[in-house]
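Printed here is final-v8.csv (CSV, C-alpha atoms):
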chain,number,residue,atom,x,y,z
A,12,MET,CA,27.7,31.6,4.5
A,13,ILE,CA,29.6,28.4,5.3
A,14,LYS,CA,26.3,26.9,6.5
A,15,LYS,CA,24.7,27.6,3.1
A,16,ILE,CA,27.6,26.1,1.2
A,17,ILE,CA,27.5,22.9,3.4
A,18,LYS,CA,23.8,22.6,2.8
A,19,ILE,CA,24.2,23.0,-1.0
A,20,LEU,CA,27.0,20.4,-0.9
A,21,LEU,CA,24.8,18.0,1.1
A,22,VAL,CA,22.0,18.3,-1.5
A,23,VAL,CA,24.3,17.8,-4.4
A,24,ILE,CA,26.1,14.8,-2.7
A,25,TRP,CA,22.8,13.2,-1.9
A,26,MET,CA,21.5,13.7,-5.4
A,27,GLY,CA,24.8,12.0,-6.5
A,28,VAL,CA,24.0,9.1,-4.2
A,29,ILE,CA,20.6,8.7,-5.7
A,30,PHE,CA,22.0,9.0,-9.2
A,31,SER,CA,24.6,6.3,-8.3
A,32,PHE,CA,21.9,3.9,-7.2
A,33,SER,CA,20.0,4.5,-10.4
A,34,SER,CA,23.1,3.8,-12.4
A,35,ASP,CA,23.2,0.2,-11.2
A,36,ASN,CA,22.1,-2.3,-13.8
A,37,LYS,CA,19.2,-4.6,-13.0
A,38,ASN,CA,21.5,-7.4,-11.6
A,39,ALA,CA,23.5,-5.0,-9.4
A,40,SER,CA,20.3,-3.4,-8.1
A,41,ASP,CA,18.7,-6.7,-7.5
A,42,ASN,CA,21.8,-8.0,-5.6
A,43,LYS,CA,21.8,-4.9,-3.4
A,44,SER,CA,18.1,-5.3,-2.6
A,45,SER,CA,18.6,-9.0,-1.9
A,46,SER,CA,21.5,-8.4,0.4
A,47,VAL,CA,19.6,-5.8,2.4
A,48,ILE,CA,16.6,-8.1,2.7
A,49,ILE,CA,18.7,-11.0,4.0
A,50,THR,CA,20.6,-8.7,6.3
A,51,ILE,CA,17.4,-7.4,7.8
A,52,TYR,CA,16.0,-11.0,8.1
A,53,HIS,CA,19.2,-12.1,9.9
A,54,PHE,CA,19.0,-9.1,12.2
A,55,PHE,CA,15.5,-10.1,13.4
A,56,ASN,CA,15.9,-13.9,13.2
A,57,ASN,CA,18.8,-15.8,14.4
A,58,LYS,CA,18.3,-18.6,11.9
A,59,GLU,CA,20.4,-20.0,9.1
A,60,LEU,CA,18.5,-20.2,5.8
A,61,SER,CA,18.8,-22.5,2.9
A,62,LYS,CA,19.3,-21.0,-0.6
A,63,GLN,CA,15.6,-21.9,-1.3
A,64,GLU,CA,14.4,-20.2,1.9
A,65,GLU,CA,16.5,-17.1,1.0
A,66,LYS,CA,15.0,-17.0,-2.4
A,67,GLN,CA,11.5,-17.2,-1.0
A,68,ILE,CA,12.1,-14.4,1.5
A,69,ILE,CA,13.7,-12.2,-1.2
A,70,GLU,CA,10.7,-12.8,-3.5
A,71,LYS,CA,8.3,-12.0,-0.7
A,72,TYR,CA,10.0,-8.8,0.5
A,73,ALA,CA,11.8,-7.4,-2.6
A,74,TYR,CA,9.0,-5.1,-3.8
A,75,PRO,CA,8.1,-3.5,-0.4
A,76,ILE,CA,11.8,-3.1,0.5
A,77,ARG,CA,12.6,-1.4,-2.9
A,78,LYS,CA,9.6,1.0,-2.5
A,79,LEU,CA,10.7,1.8,1.1
A,80,ALA,CA,14.2,2.5,-0.2
A,81,HIS,CA,12.7,4.9,-2.8
A,82,PHE,CA,10.7,6.6,-0.1
A,83,THR,CA,13.6,6.9,2.2
A,84,GLU,CA,16.1,8.2,-0.4
A,85,TYR,CA,13.7,11.0,-1.2
A,86,PHE,CA,12.7,11.6,2.4
A,87,ILE,CA,16.3,12.4,3.0
A,88,LEU,CA,16.5,14.6,-0.1
A,89,GLY,CA,13.3,16.4,1.0
A,90,LEU,CA,14.9,17.2,4.4
A,91,LEU,CA,18.1,18.5,2.8
A,92,VAL,CA,16.2,20.5,0.1
A,93,ILE,CA,13.8,22.2,2.6
A,94,SER,CA,16.7,22.9,5.0
A,95,LEU,CA,18.6,24.6,2.2
A,96,ILE,CA,15.6,26.6,1.0
A,97,SER,CA,15.0,27.8,4.6
A,98,GLU,CA,18.4,29.4,4.4
A,99,TYR,CA,17.2,31.7,1.7
A,100,ILE,CA,13.5,32.3,2.4
A,101,MET,CA,11.1,31.9,5.4
A,102,ILE,CA,9.4,28.6,5.7
A,103,SER,CA,6.0,29.3,4.0
A,104,ARG,CA,3.6,27.7,1.5
A,105,LYS,CA,5.9,29.0,-1.2
A,106,ALA,CA,9.0,27.4,0.3
A,107,ILE,CA,7.1,24.1,0.7
A,108,ILE,CA,6.0,24.2,-3.0
A,109,ILE,CA,9.5,25.0,-4.2
A,110,GLY,CA,10.9,22.1,-2.2
A,111,ILE,CA,8.3,19.6,-3.5
A,112,ILE,CA,8.8,20.8,-7.1
A,113,ILE,CA,12.6,20.4,-6.8
A,114,CYS,CA,12.3,16.9,-5.5
A,115,LEU,CA,9.6,16.0,-8.0
A,116,LEU,CA,11.7,17.2,-10.9
A,117,TYR,CA,14.7,15.2,-9.6
A,118,ALA,CA,12.5,12.1,-9.2
A,119,VAL,CA,11.4,12.4,-12.8
A,120,SER,CA,15.0,13.0,-14.0
A,121,ASP,CA,16.0,9.9,-12.0
A,122,GLU,CA,13.4,7.7,-13.6
A,123,LEU,CA,14.4,9.0,-17.1
A,124,HIS,CA,18.0,8.3,-16.3
A,125,GLN,CA,17.0,4.7,-15.5
A,126,LEU,CA,15.7,4.3,-19.1
A,127,PHE,CA,19.4,4.4,-20.2
A,128,THR,CA,20.5,1.9,-17.6
A,129,SER,CA,20.7,-1.8,-18.6
A,130,GLY,CA,17.7,-3.8,-17.5
A,131,ARG,CA,16.0,-0.8,-15.7
A,132,SER,CA,12.9,1.1,-16.6
A,133,ALA,CA,11.1,4.3,-15.7
A,134,ARG,CA,8.0,4.0,-13.6
A,135,VAL,CA,5.5,6.7,-12.8
A,136,PHE,CA,4.6,4.9,-9.6
A,137,ASP,CA,8.3,5.3,-8.4
A,138,VAL,CA,8.1,9.1,-9.1
A,139,LEU,CA,4.9,9.1,-6.9
A,140,VAL,CA,6.7,7.1,-4.1
A,141,ASP,CA,9.8,9.4,-4.4
A,142,THR,CA,7.7,12.6,-4.3
A,143,SER,CA,5.7,11.2,-1.3
A,144,GLY,CA,8.9,10.6,0.6
A,145,SER,CA,10.1,14.2,-0.1
A,146,THR,CA,6.7,15.7,0.7
A,147,VAL,CA,6.4,13.9,4.0
A,148,ALA,CA,9.9,15.0,5.0
A,149,ILE,CA,9.2,18.6,4.0
A,150,PHE,CA,6.0,18.7,6.0
A,151,ILE,CA,7.6,17.2,9.1
A,152,TYR,CA,10.5,19.6,8.8
A,153,THR,CA,8.1,22.6,8.4
A,154,PHE,CA,6.0,21.4,11.3
A,155,ILE,CA,9.0,21.0,13.7
A,156,LYS,CA,10.6,24.3,12.5
A,157,ASN,CA,7.3,26.2,13.2
A,158,ILE,CA,7.1,24.7,16.7
A,159,PHE,CA,10.6,25.9,17.4
A,160,LEU,CA,9.9,29.4,15.9
A,161,ARG,CA,6.7,29.7,18.0
A,162,ARG,CA,8.6,28.7,21.2
A,163,LYS,CA,11.4,31.2,20.4
A,164,LYS,CA,8.8,33.9,19.8
A,165,TYR,CA,7.3,33.5,23.2
A,166,GLU,CA,10.6,33.3,25.1

Represent the supplied structure as structure tokens.
Amino acid sequence: MIKKIIKILLVVIWMGVIFSFSSDNKNASDNKSSSVIITIYHFFNNKELSKQEEKQIIEKYAYPIRKLAHFTEYFILGLLVISLISEYIMISRKAIIIGIIICLLYAVSDELHQLFTSGRSARVFDVLVDTSGSTVAIFIYTFIKNIFLRRKKYE
């Protein structure tokens, strides 16, 4: 019972984290993205940058980093959701579909929420990226879980 409650809390908390990111106005969101890009750049390159060089790097990598962030946020959500679902029903096609639908609906609601956030917009492509992240996570979880179940069955 405690395990189920913890998994429910993790899903709700992670949905709150996603909601929080979506609540940032355009400037705050852009600043977070820029900070991540420059941090990653400095991690791989031990080189000081001028403001102009920073701006060029940010412009070059902002779009792919933001999409990767979407994918990653929802990858984590997908893992948490399918893990929770597996507490209630066996991992099956039905469980996979339920997990994907929950994540898809949350992605849609997240994009709609952004319509009410200053400088932000809703994008169908972001819903697709989000749902792709969740779907990949759900399939990976299912694949690994099935391997462990088969091994356990033959022991």

Next item on the list: Compare A:Asn38, A:Ser132, A:Ser120, A:Thr50 by their minimum atom-to-atom distance to Met26 (chain A), counting only C-alpha atoms, and give me the closest one.
Entry: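 For Met26 (chain A), the nearest of the given residues is A:Ser120.
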
Next item on the list: To one decimal in Å, tell me the separation between CA of Cys114 (chain A) and CA of Thr146 (chain A).
Entry: 8.4 Å

Next item on the list: Identify, on the basis of all atoms listed in the file, every residue whose closest approach to region 52-69 of chain A does not exceed 12 Å; exclude the query and any residue fewer than 6 positions from it along the same chain; express the result as a list in words.
Entry: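 So, after excluding close chain neighbours, the residues are Asp41, Asn42, Lys43, Ser44, Ser45, Ser46, Pro75, Ile76 and Arg77 of chain A.
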
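Residue nearest Ile49 (chain A), chosen from A:Lys37, A:Arg134, A:Lys71, A:Lys15 and counting all atoms listed in the file: A:Lys71.
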
Notebook entry, point to check: Given the choices A:Ile111, A:Asp137, A:Met101, A:Ser31, which gets closest to Tyr74 (chain A) if the distance is worked out from all atoms listed in the file?
Noted result: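 Of the candidates, the smallest distance to Tyr74 (chain A) is held by A:Asp137.
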
Note to self: Taking 6 positions as the minimum chain separation for residues in the same chain, which residues sit within 12 Å of Ile100 (chain A) when counting all atoms listed in the file? Answer as a list in words.
What the structure shows: Ile93, Ser94, Ala106, Ile107, Ile109 and Gly110 of chain A

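If you measure from each of A:Asn157, A:Ile29, A:Arg162, A:Ile112 to Ile87 (chain A) using all atoms listed in the file, the closest one turns out to be A:Ile29.
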
Next item on the list: Around the point (23.2, -4.2, -13.9), in the coordinates given by the file, pick out the residues reaching within 8 Å, counting all atoms listed in the file, and return them as a list of chain:residue names.
Entry: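 Output: A:Asp35, A:Asn36, A:Lys37, A:Asn38, A:Ala39, A:Ser40, A:Thr128, A:Ser129, A:Gly130.
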